[in-house]
file structure-v1.cif (mmCIF, C-alpha atoms)
data_coords
loop_
_atom_site.label_atom_id
_atom_site.label_comp_id
_atom_site.auth_asym_id
_atom_site.auth_seq_id
_atom_site.Cartn_x
_atom_site.Cartn_y
_atom_site.Cartn_z
CA ASN N 7 -7.98 -3.71 12.56
CA SER N 8 -8.41 -4.68 8.93
CA LYS N 9 -10.76 -7.52 8.14
CA VAL N 10 -9.50 -8.20 4.64
CA ILE N 11 -8.86 -11.93 4.33
CA GLN N 12 -6.31 -13.32 1.93
CA THR N 13 -5.69 -16.98 1.16
CA PRO N 14 -3.40 -18.76 1.01
CA ARG N 15 -0.76 -16.98 3.07
CA TYR N 16 2.01 -18.83 1.25
CA LEU N 17 2.08 -20.26 -2.27
CA VAL N 18 4.92 -22.15 -3.97
CA LYS N 19 4.81 -22.86 -7.70
CA GLY N 20 7.12 -24.01 -10.43
CA GLN N 21 7.83 -21.88 -13.47
CA GLY N 22 5.03 -22.11 -15.98
CA GLN N 23 2.46 -23.16 -13.40
CA LYS N 24 -0.70 -21.26 -12.61
CA ALA N 25 -0.80 -19.43 -9.30
CA LYS N 26 -4.13 -18.35 -7.85
CA MET N 27 -4.81 -16.32 -4.75
CA ARG N 28 -8.01 -15.04 -3.20
CA CYS N 29 -9.22 -12.05 -1.26
CA ILE N 30 -12.35 -11.31 0.71
CA PRO N 31 -12.71 -7.55 1.10
CA GLU N 32 -14.14 -5.84 4.13
CA LYS N 33 -17.91 -5.91 4.23
CA GLY N 34 -19.40 -2.89 2.53
CA HIS N 35 -16.27 -2.00 0.58
CA PRO N 36 -17.03 -1.89 -3.15
CA VAL N 37 -13.46 -1.18 -4.29
CA VAL N 38 -10.72 -3.81 -4.30
CA PHE N 39 -7.05 -3.30 -5.17
CA TRP N 40 -4.27 -5.76 -5.89
CA TYR N 41 -0.61 -4.84 -5.43
CA GLN N 42 2.65 -6.67 -5.86
CA GLN N 43 5.27 -5.89 -3.20
CA ASN N 44 8.83 -6.93 -4.01
CA LYS N 45 11.63 -7.81 -1.62
CA ASN N 46 12.68 -4.15 -1.54
CA ASN N 47 9.21 -3.28 -0.19
CA GLU N 48 8.28 -1.43 -3.38
CA PHE N 49 4.61 -1.50 -4.35
CA LYS N 50 3.40 -2.09 -7.85
CA PHE N 51 -0.28 -1.47 -8.46
CA LEU N 52 -1.77 -4.29 -10.55
CA ILE N 53 -5.50 -3.81 -10.86
CA ASN N 54 -8.54 -2.49 -9.07
CA PHE N 55 -12.25 -3.19 -9.22
CA GLN N 56 -15.37 -1.38 -8.26
CA ASN N 57 -17.96 -4.02 -7.53
CA GLN N 58 -17.38 -6.46 -10.37
CA GLU N 59 -15.95 -4.00 -12.91
CA VAL N 60 -12.27 -3.37 -13.61
CA LEU N 61 -11.37 0.28 -13.00
CA GLN N 62 -7.67 0.34 -13.86
CA GLN N 63 -4.98 -2.18 -14.63
CA ILE N 64 -1.41 -2.15 -15.84
CA ASP N 65 -0.18 -3.80 -19.03
CA MET N 66 1.43 -6.72 -17.22
CA THR N 67 -1.82 -7.57 -15.53
CA GLU N 68 -3.70 -7.44 -18.78
CA LYS N 69 -1.33 -9.86 -20.48
CA ARG N 70 -0.31 -12.46 -17.92
CA PHE N 71 -2.69 -12.14 -15.04
CA SER N 72 -6.38 -12.68 -14.76
CA ALA N 73 -8.42 -11.18 -11.97
CA GLU N 74 -12.05 -11.02 -11.05
CA CYS N 75 -14.34 -9.93 -8.27
CA PRO N 76 -17.62 -11.84 -8.75
CA SER N 77 -20.56 -10.87 -6.60
CA ASN N 78 -20.95 -13.00 -3.47
CA SER N 79 -17.61 -14.74 -4.03
CA PRO N 80 -14.02 -13.95 -3.11
CA CYS N 81 -12.00 -11.81 -5.47
CA SER N 82 -9.14 -13.65 -7.14
CA LEU N 83 -5.86 -12.94 -8.87
CA GLU N 84 -4.31 -15.62 -11.02
CA ILE N 85 -0.99 -15.69 -12.81
CA GLN N 86 -1.45 -17.80 -15.91
CA SER N 87 2.15 -18.95 -16.28
CA SER N 88 4.37 -18.12 -13.31
CA GLU N 89 7.84 -16.70 -13.81
CA ALA N 90 10.67 -16.39 -11.29
CA GLY N 91 10.22 -12.61 -11.32
CA ASP N 92 6.66 -13.03 -10.03
CA SER N 93 7.96 -14.10 -6.62
CA ALA N 94 6.64 -11.41 -4.30
CA LEU N 95 4.05 -10.55 -1.67
CA TYR N 96 0.65 -9.97 -3.25
CA LEU N 97 -1.46 -7.58 -1.25
CA CYS N 98 -5.18 -7.11 -1.54
CA ALA N 99 -6.81 -3.97 -0.19
CA SER N 100 -10.39 -2.75 -0.08
CA SER N 101 -11.91 0.67 0.43
CA ARG N 102 -15.18 2.57 0.40
CA GLY N 103 -14.10 4.61 -2.60
CA THR N 104 -11.43 5.10 -5.19
CA PHE N 105 -9.48 8.31 -4.70
CA TYR N 106 -10.05 9.74 -1.25
CA ALA N 107 -10.82 6.78 0.95
CA GLU N 108 -8.20 4.88 2.89
CA GLN N 109 -7.34 1.37 1.86
CA PHE N 110 -7.54 -1.55 4.25
CA PHE N 111 -4.98 -4.22 3.50
CA GLY N 112 -4.93 -7.93 4.05
CA PRO N 113 -1.81 -9.74 5.27
CA GLY N 114 -0.84 -10.76 1.76
CA THR N 115 -0.07 -13.97 -0.12
CA ARG N 116 3.64 -14.68 -0.43
CA LEU N 117 4.30 -16.34 -3.77
CA THR N 118 7.54 -18.15 -4.43
CA VAL N 119 8.19 -19.33 -7.97
CA LEU N 120 10.96 -21.92 -8.09
CA GLY Y 101 2.86 12.14 -14.09
CA ASP Y 102 1.64 11.19 -10.64
CA SER Y 103 4.35 10.17 -8.23
CA VAL Y 104 5.43 10.11 -4.61
CA THR Y 105 9.07 10.41 -3.60
CA GLN Y 106 10.59 9.24 -0.36
CA MET Y 107 14.31 9.90 -0.44
CA GLN Y 108 15.21 8.02 2.73
CA GLY Y 109 15.34 4.27 2.33
CA GLN Y 110 16.37 3.63 5.90
CA VAL Y 111 16.37 5.68 9.09
CA THR Y 112 18.01 4.46 12.29
CA LEU Y 113 17.31 6.25 15.56
CA SER Y 114 17.52 5.67 19.28
CA GLU Y 115 14.50 5.74 21.57
CA ASP Y 116 13.24 9.26 22.32
CA ASP Y 117 14.89 10.69 19.19
CA PHE Y 118 12.97 13.02 16.87
CA LEU Y 119 11.73 11.43 13.65
CA PHE Y 120 11.49 13.15 10.28
CA ILE Y 121 10.66 11.21 7.12
CA ASN Y 122 10.63 13.13 3.88
CA CYS Y 123 7.83 12.83 1.32
CA THR Y 124 7.10 14.91 -1.76
CA TYR Y 125 4.41 14.30 -4.32
CA SER Y 126 3.62 15.20 -7.87
CA THR Y 127 0.14 15.28 -9.35
CA THR Y 128 -2.07 17.44 -11.48
CA TRP Y 129 -4.99 16.89 -9.12
CA TYR Y 130 -5.61 17.87 -5.51
CA PRO Y 131 -4.85 14.60 -3.82
CA THR Y 132 -5.68 13.15 -0.48
CA LEU Y 133 -2.37 12.29 1.16
CA PHE Y 134 -1.73 9.29 3.36
CA TRP Y 135 0.90 7.72 5.53
CA TYR Y 136 0.72 3.97 5.95
CA VAL Y 137 2.81 1.82 8.28
CA GLN Y 138 3.73 -1.81 7.69
CA TYR Y 139 4.95 -4.04 10.49
CA PRO Y 140 6.78 -7.31 9.73
CA GLY Y 141 4.48 -10.06 8.49
CA GLU Y 142 1.49 -7.75 8.08
CA GLY Y 143 -0.12 -5.70 5.37
CA PRO Y 144 0.16 -1.90 5.55
CA GLN Y 145 -2.29 -0.04 7.76
CA LEU Y 146 -3.31 3.58 7.70
CA LEU Y 147 -1.38 5.82 10.06
CA LEU Y 148 -2.91 9.15 9.08
CA LYS Y 149 -4.46 10.99 6.17
CA VAL Y 150 -5.14 14.60 5.21
CA THR Y 151 -7.64 15.60 2.55
CA THR Y 152 -7.21 19.36 2.49
CA ALA Y 153 -4.15 21.46 1.74
CA ASN Y 154 -2.48 23.18 4.70
CA ASN Y 155 -4.12 20.83 7.17
CA LYS Y 156 -2.28 18.59 9.56
CA GLY Y 157 -2.98 14.96 10.33
CA ILE Y 158 -2.14 13.59 13.77
CA SER Y 159 -2.23 10.00 14.98
CA ARG Y 160 -0.45 8.02 17.70
CA GLY Y 161 2.04 10.85 18.21
CA PHE Y 162 2.86 11.10 14.49
CA GLU Y 163 1.95 14.17 12.49
CA ALA Y 164 2.17 15.33 8.89
CA THR Y 165 1.19 18.59 7.23
CA TYR Y 166 -0.16 18.74 3.69
CA ASP Y 167 1.92 21.56 2.22
CA LYS Y 168 0.59 22.40 -1.23
CA GLY Y 169 3.23 25.10 -1.72
CA THR Y 170 6.17 22.73 -1.42
CA THR Y 171 4.12 19.63 -2.46
CA SER Y 172 5.34 17.88 0.65
CA PHE Y 173 3.82 15.67 3.33
CA HIS Y 174 6.69 14.94 5.69
CA LEU Y 175 6.10 12.64 8.66
CA GLN Y 176 7.31 13.66 12.11
CA LYS Y 177 7.25 12.32 15.63
CA ALA Y 178 8.76 14.06 18.62
CA SER Y 179 9.95 10.96 20.46
CA VAL Y 180 10.14 7.53 18.82
CA GLN Y 181 9.86 4.19 20.60
CA GLU Y 182 11.29 0.81 19.71
CA SER Y 183 7.75 -0.33 18.83
CA ASP Y 184 7.66 2.27 16.02
CA SER Y 185 10.16 0.19 14.05
CA ALA Y 186 8.41 -0.55 10.74
CA VAL Y 187 8.29 0.54 7.11
CA TYR Y 188 6.47 3.81 6.45
CA TYR Y 189 4.85 4.64 3.12
CA CYS Y 190 3.68 7.97 1.85
CA ALA Y 191 0.85 7.69 -0.67
CA HIS Y 192 -1.73 9.52 -2.63
CA THR Y 193 -4.49 7.66 -4.32
CA ASN Y 194 -5.41 9.74 -7.30
CA LYS Y 195 -3.83 6.90 -9.20
CA VAL Y 196 -3.00 4.46 -6.41
CA VAL Y 197 0.49 5.83 -5.97
CA PHE Y 198 2.72 4.70 -3.13
CA GLY Y 199 6.22 5.88 -2.26
CA THR Y 200 9.10 3.42 -2.05
CA GLY Y 201 8.92 3.28 1.73
CA THR Y 202 11.26 4.27 4.55
CA ARG Y 203 12.38 1.57 6.94
CA LEU Y 204 12.59 2.95 10.46
CA GLN Y 205 14.71 1.10 12.98
CA VAL Y 206 14.57 2.36 16.55
CA LEU Y 207 17.30 1.06 18.82
CA PRO Y 208 16.58 0.56 22.51
#
call {"tool": "encode", "arguments": {"input": "structure-v1.cif", "output": "structure tokens"}}
result
Amino acid sequence: NSKVIQTPRYLVKGQGQKAKMRCIPEKGHPVVFWYQQNKNNEFKFLINFQNQEVLQQIDMTEKRFSAECPSNSPCSLEIQSSEAGDSALYLCASSRGTFYAEQFFGPGTRLTVL
Amino acid sequence: GDSVTQMQGQVTLSEDDFLFINCTYSTTWYPTLFWYVQYPGEGPQLLLKVTTANNKGISRGFEATYDKGTTSFHLQKASVQESDSAVYYCAHTNKVVFGTGTRLQVLP
């Protein structure tokens, strides 16, 4: 069973508000991924880290999101100014490597933007 | 570009039916291929993975063969149970690519 911890499980924000969620990866996993899953169950990759460094991110993440994975602290994903279209399940996953290793997912943070 | 295609959005079966979920991939690399399963209220979890072409992955009665010739990684199970009801995702992680998922509903 996965030991990736995500908090909070549910988050409700108004449009324009900041929304911040956290993730503690499995012990010993240097790579962390963030995904956005919409109501149609489609995944959108947002960003990934290896240790504290960003490996890849999409344009949207670069512009409106901020994410970090400081050493000895939870990773975080923050939406600077929430929009209705950001309502989704945000999934954090960790793995031992980037391309060939399986990802272990947390239960997700469900964000609702009113 | 890199992609994974699952054509079936929803599959409805009865218990003990044969399951086949289609998955094809596109990449310029030699990917590792995965099937993940997501139950309601949970994050996805690995079902099986295959790293080498022409090999088969088997787990919990599910199997998938990495077919480099047809660039496919179809998921099969001989006899489904109601507890298999979930969303199944095909993936390769050369560039963190997931398919759109296939929702399996198994009727008692």
call {"tool": "interface_residues", "arguments": {"input": "structure-v1.cif", "of": "chain Y", "to": "chain N", "cutoff": "8 Å", "atoms": "all atoms listed in the file", "output": "short mmCIF file (atom, residue, chain, number, x, y, z; two decimals) with C-alpha atoms, in the frame of the given file"}}
result
data_model
loop_
_atom_site.label_atom_id
_atom_site.label_comp_id
_atom_site.auth_asym_id
_atom_site.auth_seq_id
_atom_site.Cartn_x
_atom_site.Cartn_y
_atom_site.Cartn_z
CA PRO Y 131 -4.85 14.60 -3.82
CA THR Y 132 -5.68 13.15 -0.48
CA PHE Y 134 -1.73 9.29 3.36
CA GLY Y 141 4.48 -10.06 8.49
CA GLU Y 142 1.49 -7.75 8.08
CA GLY Y 143 -0.12 -5.70 5.37
CA PRO Y 144 0.16 -1.90 5.55
CA GLN Y 145 -2.29 -0.04 7.76
CA LEU Y 146 -3.31 3.58 7.70
CA LYS Y 149 -4.46 10.99 6.17
CA THR Y 151 -7.64 15.60 2.55
CA THR Y 193 -4.49 7.66 -4.32
CA ASN Y 194 -5.41 9.74 -7.30
CA LYS Y 195 -3.83 6.90 -9.20
CA VAL Y 196 -3.00 4.46 -6.41
CA VAL Y 197 0.49 5.83 -5.97
CA PHE Y 198 2.72 4.70 -3.13
CA GLY Y 199 6.22 5.88 -2.26
CA THR Y 200 9.10 3.42 -2.05
CA GLY Y 201 8.92 3.28 1.73
#
call {"tool": "residues_around", "arguments": {"input": "structure-v1.cif", "residues": "segment 175-179 of chain Y", "least_positions_apart": "5", "cutoff": "9 Å", "atoms": "all atoms listed in the file", "output": "list in words"}}
result
Glu115, Asp116, Asp117, Phe118, Leu119, Phe120, Ile121, Asn122, Cys123, Trp135, Gly161, Phe162, Glu163, Ala164, Thr165 and Cys190 of chain Y
call {"tool": "residues_near_point", "arguments": {"input": "structure-v1.cif", "point": "(-20.6, -4.4, -5.1)", "cutoff": "9 Å", "atoms": "only C-alpha atoms", "output": "list in words"}}
result
Gly34, His35, Pro36, Val37, Gln56, Asn57, Gln58, Cys75, Pro76, Ser77 and Asn78 of chain N
call {"tool": "atom_distance", "arguments": {"input": "structure-v1.cif", "atom1": "atom CA of Ile11 of chain N", "atom2": "atom CA of Gly91 of chain N"}}
result
24.7 Å
call {"tool": "resolve_selection", "arguments": {"input": "structure-v1.cif", "expression": "the PyMOL selection byres ((chain N and resi 92) around 8)", "output": "ChimeraX atom specification"}}
result
/N:88-91,93-94,117-119
call {"tool": "resolve_selection", "arguments": {"input": "structure-v1.cif", "expression": "the PyMOL selection byres ((chain N and resi 67) around 10)", "output": "PDB file with C-alpha atoms, in the coordinates of the input"}}
result
ATOM      1  CA  PHE N  51      -0.280  -1.470  -8.460  1.00  0.00           C
ATOM      2  CA  LEU N  52      -1.770  -4.290 -10.550  1.00  0.00           C
ATOM      3  CA  ILE N  53      -5.500  -3.810 -10.860  1.00  0.00           C
ATOM      4  CA  GLN N  62      -7.670   0.340 -13.860  1.00  0.00           C
ATOM      5  CA  GLN N  63      -4.980  -2.180 -14.630  1.00  0.00           C
ATOM      6  CA  ILE N  64      -1.410  -2.150 -15.840  1.00  0.00           C
ATOM      7  CA  ASP N  65      -0.180  -3.800 -19.030  1.00  0.00           C
ATOM      8  CA  MET N  66       1.430  -6.720 -17.220  1.00  0.00           C
ATOM      9  CA  GLU N  68      -3.700  -7.440 -18.780  1.00  0.00           C
ATOM     10  CA  LYS N  69      -1.330  -9.860 -20.480  1.00  0.00           C
ATOM     11  CA  ARG N  70      -0.310 -12.460 -17.920  1.00  0.00           C
ATOM     12  CA  PHE N  71      -2.690 -12.140 -15.040  1.00  0.00           C
ATOM     13  CA  SER N  72      -6.380 -12.680 -14.760  1.00  0.00           C
ATOM     14  CA  ALA N  73      -8.420 -11.180 -11.970  1.00  0.00           C
ATOM     15  CA  LEU N  83      -5.860 -12.940  -8.870  1.00  0.00           C
ATOM     16  CA  GLU N  84      -4.310 -15.620 -11.020  1.00  0.00           C
ATOM     17  CA  ILE N  85      -0.990 -15.690 -12.810  1.00  0.00           C
TER      18      ILE N  85
END
call {"tool": "atom_distance", "arguments": {"input": "structure-v1.cif", "atom1": "atom CA of Lys156 of chain Y", "atom2": "atom CA of Thr105 of chain Y"}}
result
19.2 Å
call {"tool": "atom_distance", "arguments": {"input": "structure-v1.cif", "atom1": "atom CA of Gln205 of chain Y", "atom2": "atom CA of Tyr136 of chain Y"}}
result
15.9 Å
call {"tool": "closest_residue", "arguments": {"input": "structure-v1.cif", "among": "N:Arg116, N:Arg28, N:Arg102, N:Lys33", "to": "Cys81 of chain N", "atoms": "all atoms listed in the file"}}
result
N:Arg28
call {"tool": "closest_residue", "arguments": {"input": "structure-v1.cif", "among": "Y:Leu133, Y:Ile158, Y:Leu113, Y:Val150", "to": "Glu182 of chain Y", "atoms": "all atoms listed in the file"}}
result
Y:Leu113
call {"tool": "residues_around", "arguments": {"input": "structure-v1.cif", "residues": "segment 102-104 of chain Y", "least_positions_apart": "5", "cutoff": "6 Å", "atoms": "only C-alpha atoms", "output": "NGL selection string"}}
result
:Y and (124-127 or 199)
call {"tool": "decode", "arguments": {"input": "structure-v1.cif", "residues": "segment 166-199 of chain Y", "atoms": "C-alpha atoms", "output": "mmCIF file, in the first residue's frame"}}
result
data_model
loop_
_atom_site.group_PDB
_atom_site.id
_atom_site.type_symbol
_atom_site.label_atom_id
_atom_site.label_comp_id
_atom_site.auth_asym_id
_atom_site.auth_seq_id
_atom_site.Cartn_x
_atom_site.Cartn_y
_atom_site.Cartn_z
ATOM 1 C CA TYR Y 166 4.220 -5.470 -24.410
ATOM 2 C CA ASP Y 167 3.904 -5.802 -28.183
ATOM 3 C CA LYS Y 168 6.475 -3.570 -29.841
ATOM 4 C CA GLY Y 169 5.314 -4.598 -33.320
ATOM 5 C CA THR Y 170 1.787 -3.307 -32.871
ATOM 6 C CA THR Y 171 2.771 -0.772 -30.143
ATOM 7 C CA SER Y 172 0.069 -2.203 -27.934
ATOM 8 C CA PHE Y 173 -0.265 -3.177 -24.283
ATOM 9 C CA HIS Y 174 -3.793 -4.507 -23.988
ATOM 10 C CA LEU Y 175 -5.072 -5.606 -20.577
ATOM 11 C CA GLN Y 176 -6.864 -8.937 -20.219
ATOM 12 C CA LYS Y 177 -8.428 -11.011 -17.492
ATOM 13 C CA ALA Y 178 -10.069 -14.373 -18.014
ATOM 14 C CA SER Y 179 -12.834 -13.998 -15.444
ATOM 15 C CA VAL Y 180 -13.735 -10.660 -13.846
ATOM 16 C CA GLN Y 181 -15.278 -10.176 -10.417
ATOM 17 C CA GLU Y 182 -17.474 -7.402 -9.096
ATOM 18 C CA SER Y 183 -14.516 -6.213 -6.985
ATOM 19 C CA ASP Y 184 -12.589 -5.458 -10.207
ATOM 20 C CA SER Y 185 -14.906 -2.509 -10.865
ATOM 21 C CA ALA Y 186 -12.589 0.512 -11.103
ATOM 22 C CA VAL Y 187 -10.915 2.812 -13.615
ATOM 23 C CA TYR Y 188 -7.922 1.347 -15.436
ATOM 24 C CA TYR Y 189 -5.137 3.477 -16.884
ATOM 25 C CA CYS Y 190 -2.485 2.507 -19.354
ATOM 26 C CA ALA Y 191 0.687 4.559 -19.012
ATOM 27 C CA HIS Y 192 4.247 4.946 -20.059
ATOM 28 C CA THR Y 193 6.514 7.251 -18.200
ATOM 29 C CA ASN Y 194 9.034 8.410 -20.725
ATOM 30 C CA LYS Y 195 7.226 11.690 -20.358
ATOM 31 C CA VAL Y 196 4.719 10.892 -17.623
ATOM 32 C CA VAL Y 197 2.027 9.925 -20.086
ATOM 33 C CA PHE Y 198 -1.249 8.392 -18.954
ATOM 34 C CA GLY Y 199 -4.159 7.195 -21.075
#
